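Before any comments, here is the structure.
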4 protein chains.
Amino acid sequence: MKRPNREEIITLVVTMDLFVDLPATQKGSHMSRNIEIAEEIVEQSITKPITDLESLCAKIAKKLLEKHQYATRAEVKAYADYFLERINPSGVKALEPYKLIAESRANDKGGLKKLIGVQVIGMTTCPCAMEITKKLGEYNKSLPSPTHNQRNISTLLIEVPEDCQDIDADDLIEIVESSLSSPTYSLLKRKDEGKIVLDAHKKPKFVEDVVRDMLQAVLKKYKHLPDNVIVIARSESEESIHKHNAFAERITTLGELRK
Amino acid sequence: MKRPNREEIITLVVTMDLFVDLPATQKGSHMSRNIEIAEEIVEQSITKPITDLESLCAKIAKKLLEKHQYATRAEVKAYADYFLERINPSGVKALEPYKLIAESRANDKGGLKKLIGVQVIGMTTCPCAMEITKKLGEYNKSLPSPTHNQRNISTLLIEVPEDCQDIDADDLIEIVESSLSSPTYSLLKRKDEGKIVLDAHKKPKFVEDVVRDMLQAVLKKYKHLPDNVIVIARSESEESIHKHNAFAERITTLGELRK
Amino acid sequence: MKRPNREEIITLVVTMDLFVDLPATQKGSHMSRNIEIAEEIVEQSITKPITDLESLCAKIAKKLLEKHQYATRAEVKAYADYFLERINPSGVKALEPYKLIAESRANDKGGLKKLIGVQVIGMTTCPCAMEITKKLGEYNKSLPSPTHNQRNISTLLIEVPEDCQDIDADDLIEIVESSLSSPTYSLLKRKDEGKIVLDAHKKPKFVEDVVRDMLQAVLKKYKHLPDNVIVIARSESEESIHKHNAFAERITTLGELRK
Amino acid sequence: MKRPNREEIITLVVTMDLFVDLPATQKGSHMSRNIEIAEEIVEQSITKPITDLESLCAKIAKKLLEKHQYATRAEVKAYADYFLERINPSGVKALEPYKLIAESRANDKGGLKKLIGVQVIGMTTCPCAMEITKKLGEYNKSLPSPTHNQRNISTLLIEVPEDCQDIDADDLIEIVESSLSSPTYSLLKRKDEGKIVLDAHKKPKFVEDVVRDMLQAVLKKYKHLPDNVIVIARSESEESIHKHNAFAERITTLGELRK
């Protein structure tokens with residue numbers, strides 16, 4: 001993959017789901033065609049790297065409709081491990097792992113939708129328990145008191161309108177990480193750990209807050225995009241104080257968010 | 001399942017792995033015999049409930065050797081969801097989920113080993129980050145300062161010597177929960193959350209500490225058991241400050257621990 | 001759980017997902033209320049066993065709306081391991097494992113939907129490859145020729161209209177198993193294996209066929225139910241000849257199917 | 001990664017587990033050192049590509065002992081998605097997915113072990129059911145009769161002695177694929193499907209056979225390697241006729257196999 005504004009070529013290991021609809025009159029779909037299309041487009045991408053994963057999905061979705069003449073709709077989903085260089089609190093650079101998600105839906109009337117998204121692991125600290133421990137422990141009001149915190153997995157997907165060139169997965173990662181209580185890092189020295197813990201405790205968040213803050217940030221970043229653009233935000237905390245997870249989700253449009 | 005010292009009968013959904021060894025001269029094992037044995041023993045247990053999962057495994061392991069005459073060793077592993085009534089800090093009772101684990105290995109020389117164990121989800125708080133935040137945030141020395149904490153999954157297995165009747169899964173759960181920074185609860189009101197968070201922060205633990213403390217508690221609880229009894233302790237923290245987990249394990253014997 | 005027309009009481013280990021919506025003005029949901037409701041209803045069920053899993057979900061969904069006054073919609077999903085006695089080709093009875101699925105959605109206008117479903121593991125044999133091997137291998141036309149076959153996981157969910165008492169999970173399992181190339185069994189002697197293989201080869205099926213046949217059987221079985229009843233059918237084959245799976249799904253209503 | 005005898009550089013997404021032992025006197029391990037080592041060695045590999053995954057593990061294992069002075073043993077495991085061009089029966093090339101596995105164990109007495117391995121998905125056809133259907137269906141003796149077949153996942157690991165340069169993951173994949181009833185392919189036209197099905201039915205195999213045949217092929221291919229070389233072979237069939245899997249494993253040495 002080669003992003004237009006970058007030098008290097010990134011190699012991604014991509015997992016894909018391919019779907020077509022089937023009329024009542026057709027016994028089964030010709031599944032080998034799906035693989036042929038995927039192979040062909042991957043083959044092409046070796047000589048001419050693709051610029052983004054959602055365009056790859058769109059290309060395959062359109063080809064699916066061409067090759068399965070009986071189908072009226074096609075859907076392609078792609079997932080890939082992705083790495084980005086991050087700088088930890090002491091200024092050391094290291095690669096952090098993320099997931100890229102892309103989707104495309106095409107229909108035989110020429111309709112085509114593309115979505116790009118990211119899945120990010122970070123930390124959330126609980127506002128509710130912090131409020132209680134402050135009182136119970138008689139903590140100084142200016143200092144954050146202990147609370148339960150946990151690994152959080154948040155997902156943000158946005159529709160890419162036709163000819164829109166400026167939605168970048170790296171920006172989405174930025175939005176998700178700044179909506180969490182804190183990003184997390186693979187490499188942390190003792191002092192870094194202390195700083196991140198305190199920062200995260202100054203920004204306590206429920207999963208509901210993470211979803212809301214991602215959506216607000218999307219609204220601000222993409223103010224030039226039209227009202228019908230779909231946005232999906234999800235946040236799941238692997239609660240340290242419970243054996244079950246907390247989960248929040250909102251599927252909406254930029255228009256809805258602007259109200 | 002009916003424990004000797006309890007009234008009620010517990011129904012468990014058990015998943016099993018069954019193994020036998022195969023001599024070079026034998027093309028394949030007769031797998032349907034494994035299922036027959038399992039079905040037969042399950043059938044019997046309906047009229048006469050078994051008292052423990054490790055004895056069920058041992059019974060099956062011995063039958064495996066009988067029915068697979070060519071085999072010299074048989075191994076049976078069983079896993080089951082298990083629930084125990086726990087009382088949360090405000091005194092409310094609720095069922096908490098655990099996993100029961102049982103194993104048995106039998107050989108054609110009459111050798112037989114049984115292990116019983118539990119897997120418990122709880123919370124660990126990091127001692128290292130707490131030390132740093134105390135300094136960075138200028139916290140009062142008598143109060144625990146914020147640190148990262150997370151969901152922890154710990155496992156404890158112990159060999160059950162022949163004729164030993166007094167190793168109870170509920171005791172093992174007790175040992176694991178008290179070796180963590182805090183047990184966790186499904187049902188917690190706001191005040192409970194505060195109390196558990198403060199308790200967990202007064203008992204910060206690395207996974208290495210959890211393993212050590214489980215082994216010490218086993219040693220104390222089962223001091224009458226012989227030196228050759230195997231003990232396996234594992235602890236894994238789903239680190240909230242990292243995207244990777246921390247893991248510690250020790251496989252040892254009571255004799256080793258007594259040194 | 002106690003079915004109205006059965007003597008015995010079944011114990012199920014149930015996993016649940018609980019959701020409520022959140023107005024913009026509400027910071028977070030009071031999650032402890034969800035657990036309280038679940039505990040309370042489970043508590044009641046000990047003295048008075050519930051008759052079905054979808055009613056349990058509906059009961060919890062209604063309580064969620066009561067206790068979360070700000071919420072306009074609530075959703076509850078439940079999954080449980082389930083076992084049914086099946087008779088293999090040689091007439092031997094054994095327990096086979098299935099999954100029960102139940103869902104309920106309630107809104108603050110009194111709307112309530114309940115769905116009950118099952119997930120079944122069985123076998124599919126490929127019609128396409130069989131056609132080819134028949135020619136390539138010059139097989140007798142009256143005998144099924146070899147083809148690839150594989151483990152298939154199929155799911156069938158149906159909406160339960162209010163006051164409808166006659167949708168039984170056991171019937172749904174029956175429908176799914178007879179829509180596959182063959183049901184599978186835990187316990188099979190050599191002769192049984194031969195019979196099942198031949199039976200499955202006389203009924204080759206794509207995943208698309210399995211979905212179609214489940215829907216047809218639902219239509220026939222539940223002809224007295226109204227047009228707006230939702231039916232969801234899914235089938236996934238873990239293709240033995242490919243490293244990827246084949247998947248088909250249809251979400252429809254009895255009305256649509258009647259057209 | 002750059003293999004000595006190949007032009008191209010392969011990019012791998014590698015997942016790693018890192019372990020060190022801990023003396024009784026040491027409270028916890030300094031985990032950030034593990035990540036530093038991994039980052040450092042990955043950094044170096046950008047300017048100077050490594051030649052194999054097991055050497056990467058060995059390099060990290062040795063560094064772990066250097067940086068954790070209290071440790072006497074270190075262990076590193078690595079897993080990576082891997083792709084190889086395969087030619088299907090009609091001569092079409094396509095990439096097939098595999099898994100690379102590498103391990104290294106180092107001790108403070110200078111001991112160092114390296115293992116390289118692969119995990120391969122393919123197909124097994126059951127010899128037992130085929131024998132029965134032949135009789136039941138009165139098939140011509142010269143033609144294979146229908147049987148159940150399924151997705152099989154087999155793993156082969158071999159120790160790489162010091163200075164040994166000629167164990168190649170691609171050769172191991174070759175060995176595993178030829179020990180199965182048939183390799184599988186992502187891209188298959190109808191005619192290919194027929195051919196693979198018939199080929200697989202001419203080579204029916206239990207998981208026990210797959211393990212035996214992998215070990216025989218290893219013995220033949222690596223006859224120049226010493227007796228103490230460890231070999232691990234595993235095979236698991238996701239039985240289409242059962243809801244459970246069949247599994248076989250042998251952990252042995254070349255010396256044992258030569259007996």
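Each chain of the structure tokens is named A, B, ... in the order shown, its residues numbered from 1; ligands are numbered from 1 in display order.
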Check the DSSP output for the backbone and give back, as a PDB file with N, CA and C atoms, in the first residue's frame, the residues of range 11-247 of chain D in strand (DSSP E).
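result_38.pdb written:
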ATOM      1  N   VAL D  14       4.937 -10.377  13.007  1.00  0.00           N
ATOM      2  CA  VAL D  14       5.316 -11.412  13.964  1.00  0.00           C
ATOM      3  C   VAL D  14       4.705 -11.136  15.343  1.00  0.00           C
ATOM      4  N   THR D  15       4.116 -12.161  15.948  1.00  0.00           N
ATOM      5  CA  THR D  15       3.645 -12.090  17.340  1.00  0.00           C
ATOM      6  C   THR D  15       4.630 -12.866  18.196  1.00  0.00           C
ATOM      7  N   MET D  16       5.025 -12.311  19.337  1.00  0.00           N
ATOM      8  CA  MET D  16       6.062 -12.964  20.136  1.00  0.00           C
ATOM      9  C   MET D  16       5.655 -13.148  21.596  1.00  0.00           C
ATOM     10  N   ASP D  17       6.107 -14.266  22.193  1.00  0.00           N
ATOM     11  CA  ASP D  17       6.036 -14.473  23.636  1.00  0.00           C
ATOM     12  C   ASP D  17       7.459 -14.521  24.167  1.00  0.00           C
ATOM     13  N   LEU D  18       7.745 -13.748  25.229  1.00  0.00           N
ATOM     14  CA  LEU D  18       9.097 -13.721  25.811  1.00  0.00           C
ATOM     15  C   LEU D  18       9.035 -14.134  27.279  1.00  0.00           C
ATOM     16  N   PHE D  19       9.909 -15.046  27.676  1.00  0.00           N
ATOM     17  CA  PHE D  19       9.919 -15.530  29.061  1.00  0.00           C
ATOM     18  C   PHE D  19      11.336 -15.501  29.634  1.00  0.00           C
ATOM     19  N   VAL D  20      11.445 -15.162  30.941  1.00  0.00           N
ATOM     20  CA  VAL D  20      12.693 -15.419  31.686  1.00  0.00           C
ATOM     21  C   VAL D  20      12.316 -16.047  33.013  1.00  0.00           C
ATOM     22  N   ARG D  73      17.421 -18.783  32.642  1.00  0.00           N
ATOM     23  CA  ARG D  73      16.897 -19.327  31.397  1.00  0.00           C
ATOM     24  C   ARG D  73      15.996 -18.295  30.716  1.00  0.00           C
ATOM     25  N   ALA D  74      15.996 -18.296  29.389  1.00  0.00           N
ATOM     26  CA  ALA D  74      15.111 -17.395  28.635  1.00  0.00           C
ATOM     27  C   ALA D  74      14.491 -18.191  27.497  1.00  0.00           C
ATOM     28  N   GLU D  75      13.277 -17.832  27.149  1.00  0.00           N
ATOM     29  CA  GLU D  75      12.568 -18.558  26.095  1.00  0.00           C
ATOM     30  C   GLU D  75      11.828 -17.550  25.223  1.00  0.00           C
ATOM     31  N   VAL D  76      11.900 -17.722  23.922  1.00  0.00           N
ATOM     32  CA  VAL D  76      11.232 -16.815  22.993  1.00  0.00           C
ATOM     33  C   VAL D  76      10.469 -17.635  21.963  1.00  0.00           C
ATOM     34  N   LYS D  77       9.195 -17.302  21.769  1.00  0.00           N
ATOM     35  CA  LYS D  77       8.392 -17.974  20.742  1.00  0.00           C
ATOM     36  C   LYS D  77       7.866 -16.930  19.773  1.00  0.00           C
ATOM     37  N   ALA D  78       7.852 -17.267  18.489  1.00  0.00           N
ATOM     38  CA  ALA D  78       7.360 -16.308  17.485  1.00  0.00           C
ATOM     39  C   ALA D  78       6.435 -17.013  16.508  1.00  0.00           C
ATOM     40  N   TYR D  79       5.393 -16.307  16.113  1.00  0.00           N
ATOM     41  CA  TYR D  79       4.415 -16.816  15.150  1.00  0.00           C
ATOM     42  C   TYR D  79       4.230 -15.768  14.070  1.00  0.00           C
ATOM     43  N   ALA D  80       4.128 -16.168  12.816  1.00  0.00           N
ATOM     44  CA  ALA D  80       3.906 -15.180  11.756  1.00  0.00           C
ATOM     45  C   ALA D  80       3.058 -15.775  10.647  1.00  0.00           C
ATOM     46  N   ASP D  81       2.174 -14.961  10.084  1.00  0.00           N
ATOM     47  CA  ASP D  81       1.474 -15.365   8.866  1.00  0.00           C
ATOM     48  C   ASP D  81       2.496 -15.432   7.746  1.00  0.00           C
ATOM     49  N   TYR D  82       2.347 -16.403   6.879  1.00  0.00           N
ATOM     50  CA  TYR D  82       3.345 -16.610   5.829  1.00  0.00           C
ATOM     51  C   TYR D  82       2.593 -17.044   4.575  1.00  0.00           C
ATOM     52  N   PHE D  83       3.086 -16.653   3.427  1.00  0.00           N
ATOM     53  CA  PHE D  83       2.393 -16.964   2.173  1.00  0.00           C
ATOM     54  C   PHE D  83       3.363 -17.585   1.190  1.00  0.00           C
ATOM     55  N   LEU D  84       2.896 -18.556   0.432  1.00  0.00           N
ATOM     56  CA  LEU D  84       3.749 -19.232  -0.532  1.00  0.00           C
ATOM     57  C   LEU D  84       2.949 -19.387  -1.820  1.00  0.00           C
ATOM     58  N   GLU D  85       3.616 -19.206  -2.946  1.00  0.00           N
ATOM     59  CA  GLU D  85       2.938 -19.373  -4.217  1.00  0.00           C
ATOM     60  C   GLU D  85       2.772 -20.863  -4.489  1.00  0.00           C
ATOM     61  N   ARG D  86       1.560 -21.271  -4.765  1.00  0.00           N
ATOM     62  CA  ARG D  86       1.288 -22.666  -5.070  1.00  0.00           C
ATOM     63  C   ARG D  86       0.613 -22.747  -6.433  1.00  0.00           C
ATOM     64  N   ILE D  87       0.790 -23.861  -7.099  1.00  0.00           N
ATOM     65  CA  ILE D  87       0.188 -24.040  -8.423  1.00  0.00           C
ATOM     66  C   ILE D  87      -0.944 -25.038  -8.295  1.00  0.00           C
ATOM     67  N   LYS D  93      -1.267 -20.158 -10.680  1.00  0.00           N
ATOM     68  CA  LYS D  93      -0.530 -19.797  -9.465  1.00  0.00           C
ATOM     69  C   LYS D  93      -1.373 -18.923  -8.559  1.00  0.00           C
ATOM     70  N   ALA D  94      -1.294 -19.171  -7.262  1.00  0.00           N
ATOM     71  CA  ALA D  94      -1.950 -18.279  -6.307  1.00  0.00           C
ATOM     72  C   ALA D  94      -1.228 -18.386  -4.968  1.00  0.00           C
ATOM     73  N   LEU D  95      -1.361 -17.356  -4.145  1.00  0.00           N
ATOM     74  CA  LEU D  95      -0.727 -17.376  -2.832  1.00  0.00           C
ATOM     75  C   LEU D  95      -1.570 -18.175  -1.845  1.00  0.00           C
ATOM     76  N   GLU D  96      -0.943 -19.089  -1.109  1.00  0.00           N
ATOM     77  CA  GLU D  96      -1.637 -19.840  -0.060  1.00  0.00           C
ATOM     78  C   GLU D  96      -1.115 -19.405   1.305  1.00  0.00           C
ATOM     79  N   PRO D  97      -2.012 -19.307   2.311  1.00  0.00           N
ATOM     80  CA  PRO D  97      -1.567 -18.867   3.636  1.00  0.00           C
ATOM     81  C   PRO D  97      -1.081 -20.022   4.530  1.00  0.00           C
ATOM     82  N   TYR D  98      -0.012 -19.773   5.270  1.00  0.00           N
ATOM     83  CA  TYR D  98       0.530 -20.724   6.248  1.00  0.00           C
ATOM     84  C   TYR D  98       0.891 -19.964   7.524  1.00  0.00           C
ATOM     85  N   LYS D  99       1.318 -20.700   8.542  1.00  0.00           N
ATOM     86  CA  LYS D  99       1.873 -20.030   9.718  1.00  0.00           C
ATOM     87  C   LYS D  99       3.297 -20.498   9.938  1.00  0.00           C
ATOM     88  N   LEU D 100       4.195 -19.556  10.188  1.00  0.00           N
ATOM     89  CA  LEU D 100       5.565 -19.878  10.586  1.00  0.00           C
ATOM     90  C   LEU D 100       5.636 -19.863  12.107  1.00  0.00           C
ATOM     91  N   ILE D 101       6.367 -20.813  12.685  1.00  0.00           N
ATOM     92  CA  ILE D 101       6.557 -20.866  14.129  1.00  0.00           C
ATOM     93  C   ILE D 101       8.054 -20.974  14.393  1.00  0.00           C
ATOM     94  N   ALA D 102       8.569 -20.213  15.345  1.00  0.00           N
ATOM     95  CA  ALA D 102       9.981 -20.355  15.701  1.00  0.00           C
ATOM     96  C   ALA D 102      10.104 -20.251  17.210  1.00  0.00           C
ATOM     97  N   GLU D 103      11.074 -20.983  17.759  1.00  0.00           N
ATOM     98  CA  GLU D 103      11.296 -20.953  19.204  1.00  0.00           C
ATOM     99  C   GLU D 103      12.786 -20.951  19.485  1.00  0.00           C
ATOM    100  N   SER D 104      13.149 -20.334  20.580  1.00  0.00           N
ATOM    101  CA  SER D 104      14.533 -20.466  21.026  1.00  0.00           C
ATOM    102  C   SER D 104      14.580 -20.463  22.539  1.00  0.00           C
ATOM    103  N   ARG D 105      15.414 -21.341  23.102  1.00  0.00           N
ATOM    104  CA  ARG D 105      15.644 -21.367  24.547  1.00  0.00           C
ATOM    105  C   ARG D 105      17.138 -21.201  24.805  1.00  0.00           C
ATOM    106  N   ALA D 106      17.472 -20.269  25.697  1.00  0.00           N
ATOM    107  CA  ALA D 106      18.884 -20.057  26.027  1.00  0.00           C
ATOM    108  C   ALA D 106      19.055 -20.191  27.530  1.00  0.00           C
ATOM    109  N   ASN D 107      20.221 -20.708  27.989  1.00  0.00           N
ATOM    110  CA  ASN D 107      20.484 -20.694  29.431  1.00  0.00           C
ATOM    111  C   ASN D 107      21.811 -20.009  29.730  1.00  0.00           C
ATOM    112  N   LEU D 112      21.935 -23.201  23.971  1.00  0.00           N
ATOM    113  CA  LEU D 112      21.014 -22.503  23.065  1.00  0.00           C
ATOM    114  C   LEU D 112      20.340 -23.514  22.151  1.00  0.00           C
ATOM    115  N   LYS D 113      19.004 -23.497  22.147  1.00  0.00           N
ATOM    116  CA  LYS D 113      18.239 -24.372  21.261  1.00  0.00           C
ATOM    117  C   LYS D 113      17.406 -23.504  20.335  1.00  0.00           C
ATOM    118  N   LYS D 114      17.289 -23.890  19.068  1.00  0.00           N
ATOM    119  CA  LYS D 114      16.423 -23.178  18.133  1.00  0.00           C
ATOM    120  C   LYS D 114      15.510 -24.199  17.451  1.00  0.00           C
ATOM    121  N   LEU D 115      14.238 -23.843  17.323  1.00  0.00           N
ATOM    122  CA  LEU D 115      13.318 -24.697  16.566  1.00  0.00           C
ATOM    123  C   LEU D 115      12.621 -23.863  15.503  1.00  0.00           C
ATOM    124  N   ILE D 116      12.406 -24.476  14.348  1.00  0.00           N
ATOM    125  CA  ILE D 116      11.627 -23.798  13.306  1.00  0.00           C
ATOM    126  C   ILE D 116      10.484 -24.721  12.919  1.00  0.00           C
ATOM    127  N   GLY D 117       9.337 -24.156  12.611  1.00  0.00           N
ATOM    128  CA  GLY D 117       8.214 -25.006  12.258  1.00  0.00           C
ATOM    129  C   GLY D 117       7.177 -24.304  11.421  1.00  0.00           C
ATOM    130  N   VAL D 118       6.200 -25.072  10.988  1.00  0.00           N
ATOM    131  CA  VAL D 118       5.119 -24.532  10.153  1.00  0.00           C
ATOM    132  C   VAL D 118       3.787 -25.132  10.586  1.00  0.00           C
ATOM    133  N   GLN D 119       2.731 -24.385  10.332  1.00  0.00           N
ATOM    134  CA  GLN D 119       1.376 -24.900  10.518  1.00  0.00           C
ATOM    135  C   GLN D 119       0.654 -24.807   9.180  1.00  0.00           C
ATOM    136  N   VAL D 120       0.065 -25.916   8.770  1.00  0.00           N
ATOM    137  CA  VAL D 120      -0.470 -26.031   7.415  1.00  0.00           C
ATOM    138  C   VAL D 120      -1.919 -26.516   7.471  1.00  0.00           C
ATOM    139  N   ILE D 121      -2.790 -25.896   6.692  1.00  0.00           N
ATOM    140  CA  ILE D 121      -4.174 -26.365   6.578  1.00  0.00           C
ATOM    141  C   ILE D 121      -4.316 -27.201   5.303  1.00  0.00           C
ATOM    142  N   GLY D 122      -4.910 -28.392   5.431  1.00  0.00           N
ATOM    143  CA  GLY D 122      -5.119 -29.235   4.265  1.00  0.00           C
ATOM    144  C   GLY D 122      -6.342 -30.120   4.470  1.00  0.00           C
ATOM    145  N   MET D 123      -6.391 -31.249   3.768  1.00  0.00           N
ATOM    146  CA  MET D 123      -7.571 -32.120   3.843  1.00  0.00           C
ATOM    147  C   MET D 123      -7.176 -33.546   4.217  1.00  0.00           C
ATOM    148  N   THR D 124      -7.998 -34.186   5.086  1.00  0.00           N
ATOM    149  CA  THR D 124      -7.833 -35.623   5.305  1.00  0.00           C
ATOM    150  C   THR D 124      -9.141 -36.332   4.949  1.00  0.00           C
ATOM    151  N   THR D 125      -9.010 -37.526   4.371  1.00  0.00           N
ATOM    152  CA  THR D 125     -10.171 -38.372   4.071  1.00  0.00           C
ATOM    153  C   THR D 125     -10.054 -39.612   4.957  1.00  0.00           C
ATOM    154  N   ASN D 149     -14.570 -36.391   4.819  1.00  0.00           N
ATOM    155  CA  ASN D 149     -13.276 -35.724   4.744  1.00  0.00           C
ATOM    156  C   ASN D 149     -13.425 -34.366   5.403  1.00  0.00           C
ATOM    157  N   GLN D 150     -12.319 -33.722   5.725  1.00  0.00           N
ATOM    158  CA  GLN D 150     -12.438 -32.518   6.539  1.00  0.00           C
ATOM    159  C   GLN D 150     -11.196 -31.662   6.482  1.00  0.00           C
ATOM    160  N   ARG D 151     -11.364 -30.465   7.015  1.00  0.00           N
ATOM    161  CA  ARG D 151     -10.240 -29.553   7.157  1.00  0.00           C
ATOM    162  C   ARG D 151      -9.326 -30.110   8.239  1.00  0.00           C
ATOM    163  N   ASN D 152      -8.021 -30.142   7.936  1.00  0.00           N
ATOM    164  CA  ASN D 152      -7.038 -30.652   8.888  1.00  0.00           C
ATOM    165  C   ASN D 152      -5.969 -29.583   9.102  1.00  0.00           C
ATOM    166  N   ILE D 153      -5.539 -29.422  10.342  1.00  0.00           N
ATOM    167  CA  ILE D 153      -4.475 -28.465  10.652  1.00  0.00           C
ATOM    168  C   ILE D 153      -3.309 -29.240  11.233  1.00  0.00           C
ATOM    169  N   SER D 154      -2.189 -29.252  10.513  1.00  0.00           N
ATOM    170  CA  SER D 154      -1.037 -30.026  10.974  1.00  0.00           C
ATOM    171  C   SER D 154       0.154 -29.113  11.211  1.00  0.00           C
ATOM    172  N   THR D 155       0.948 -29.502  12.216  1.00  0.00           N
ATOM    173  CA  THR D 155       2.081 -28.683  12.639  1.00  0.00           C
ATOM    174  C   THR D 155       3.329 -29.543  12.667  1.00  0.00           C
ATOM    175  N   LEU D 156       4.425 -29.021  12.155  1.00  0.00           N
ATOM    176  CA  LEU D 156       5.696 -29.748  12.184  1.00  0.00           C
ATOM    177  C   LEU D 156       6.791 -28.798  12.645  1.00  0.00           C
ATOM    178  N   LEU D 157       7.507 -29.188  13.706  1.00  0.00           N
ATOM    179  CA  LEU D 157       8.604 -28.368  14.241  1.00  0.00           C
ATOM    180  C   LEU D 157       9.863 -29.210  14.290  1.00  0.00           C
ATOM    181  N   ILE D 158      10.996 -28.618  13.938  1.00  0.00           N
ATOM    182  CA  ILE D 158      12.251 -29.357  14.018  1.00  0.00           C
ATOM    183  C   ILE D 158      13.331 -28.469  14.627  1.00  0.00           C
ATOM    184  N   GLU D 159      14.165 -29.083  15.448  1.00  0.00           N
ATOM    185  CA  GLU D 159      15.266 -28.330  16.052  1.00  0.00           C
ATOM    186  C   GLU D 159      16.315 -28.045  14.990  1.00  0.00           C
ATOM    187  N   SER D 182      -4.614 -34.498   0.936  1.00  0.00           N
ATOM    188  CA  SER D 182      -4.393 -33.560  -0.165  1.00  0.00           C
ATOM    189  C   SER D 182      -4.135 -32.167   0.391  1.00  0.00           C
ATOM    190  N   PRO D 183      -3.272 -31.381  -0.296  1.00  0.00           N
ATOM    191  CA  PRO D 183      -3.208 -29.963   0.055  1.00  0.00           C
ATOM    192  C   PRO D 183      -4.519 -29.316  -0.400  1.00  0.00           C
ATOM    193  N   ILE D 230      15.456 -32.606  18.064  1.00  0.00           N
ATOM    194  CA  ILE D 230      14.053 -32.777  18.460  1.00  0.00           C
ATOM    195  C   ILE D 230      13.116 -32.574  17.269  1.00  0.00           C
ATOM    196  N   VAL D 231      12.090 -33.414  17.165  1.00  0.00           N
ATOM    197  CA  VAL D 231      11.067 -33.244  16.125  1.00  0.00           C
ATOM    198  C   VAL D 231       9.686 -33.336  16.784  1.00  0.00           C
ATOM    199  N   ILE D 232       8.802 -32.396  16.462  1.00  0.00           N
ATOM    200  CA  ILE D 232       7.445 -32.385  17.019  1.00  0.00           C
ATOM    201  C   ILE D 232       6.454 -32.400  15.859  1.00  0.00           C
ATOM    202  N   ALA D 233       5.543 -33.378  15.863  1.00  0.00           N
ATOM    203  CA  ALA D 233       4.539 -33.470  14.793  1.00  0.00           C
ATOM    204  C   ALA D 233       3.159 -33.569  15.408  1.00  0.00           C
ATOM    205  N   ARG D 234       2.236 -32.741  14.921  1.00  0.00           N
ATOM    206  CA  ARG D 234       0.855 -32.726  15.424  1.00  0.00           C
ATOM    207  C   ARG D 234      -0.112 -32.678  14.262  1.00  0.00           C
ATOM    208  N   SER D 235      -1.264 -33.323  14.408  1.00  0.00           N
ATOM    209  CA  SER D 235      -2.264 -33.251  13.353  1.00  0.00           C
ATOM    210  C   SER D 235      -3.650 -33.255  13.988  1.00  0.00           C
ATOM    211  N   GLU D 236      -4.493 -32.314  13.562  1.00  0.00           N
ATOM    212  CA  GLU D 236      -5.840 -32.217  14.123  1.00  0.00           C
ATOM    213  C   GLU D 236      -6.862 -32.131  12.990  1.00  0.00           C
ATOM    214  N   SER D 237      -7.837 -33.044  12.992  1.00  0.00           N
ATOM    215  CA  SER D 237      -8.876 -33.033  11.968  1.00  0.00           C
ATOM    216  C   SER D 237     -10.181 -32.529  12.549  1.00  0.00           C
ATOM    217  N   ALA D 246     -10.420 -34.840  15.977  1.00  0.00           N
ATOM    218  CA  ALA D 246      -9.478 -35.941  16.221  1.00  0.00           C
ATOM    219  C   ALA D 246      -8.080 -35.332  16.241  1.00  0.00           C
ATOM    220  N   PHE D 247      -7.239 -35.764  17.180  1.00  0.00           N
ATOM    221  CA  PHE D 247      -5.931 -35.134  17.386  1.00  0.00           C
ATOM    222  C   PHE D 247      -4.859 -36.187  17.634  1.00  0.00           C
TER     223      PHE D 247
END
message: Taking only C-alpha atoms into account and nothing else, which residues of chain A lie no more than 7 Å away from chain B? Please answer as a count of residues only.
response: 26
Residues flagged helix (DSSP H, G or I) by DSSP in range 1-193 of chain C, as a ChimeraX atom specification: /C:31-47,53-67,127-136,169-179,190-193
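A straight line drawn from CA of Gln26 in chain C to CA of Arg212 in chain A is 11.2 Å long.
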- request: Write out as a PyMOL selection string which residues come within 8 Å of Phe206 in chain D when counting only C-alpha atoms, dropping same-chain ones fewer than 3 positions away.
  value: (chain B and resi 28) or (chain D and resi 124-127+209-210)
task: Can you work out the spacing between CA of Ile60 in chain D and CA of Asn34 in chain D in Å, to one decimal?
output: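 One can read the CA of Ile60 in chain D to CA of Asn34 in chain D distance as 8.6 Å.
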message: For a test of reading the model, state the distance in Å between CA of Lys63 in chain C and CA of Met31 in chain C, rounded to one decimal.
response: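 Straight-line distance from CA of Lys63 in chain C to CA of Met31 in chain C works out to 13.2 Å.
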message: Residues near range 257-259 of chain D, anyone? I mean within 9 Å using only C-alpha atoms, not counting same-chain ones fewer than 4 positions away, as a PyMOL selection string.
response: chain D and resi 215-216+219+227+252-253
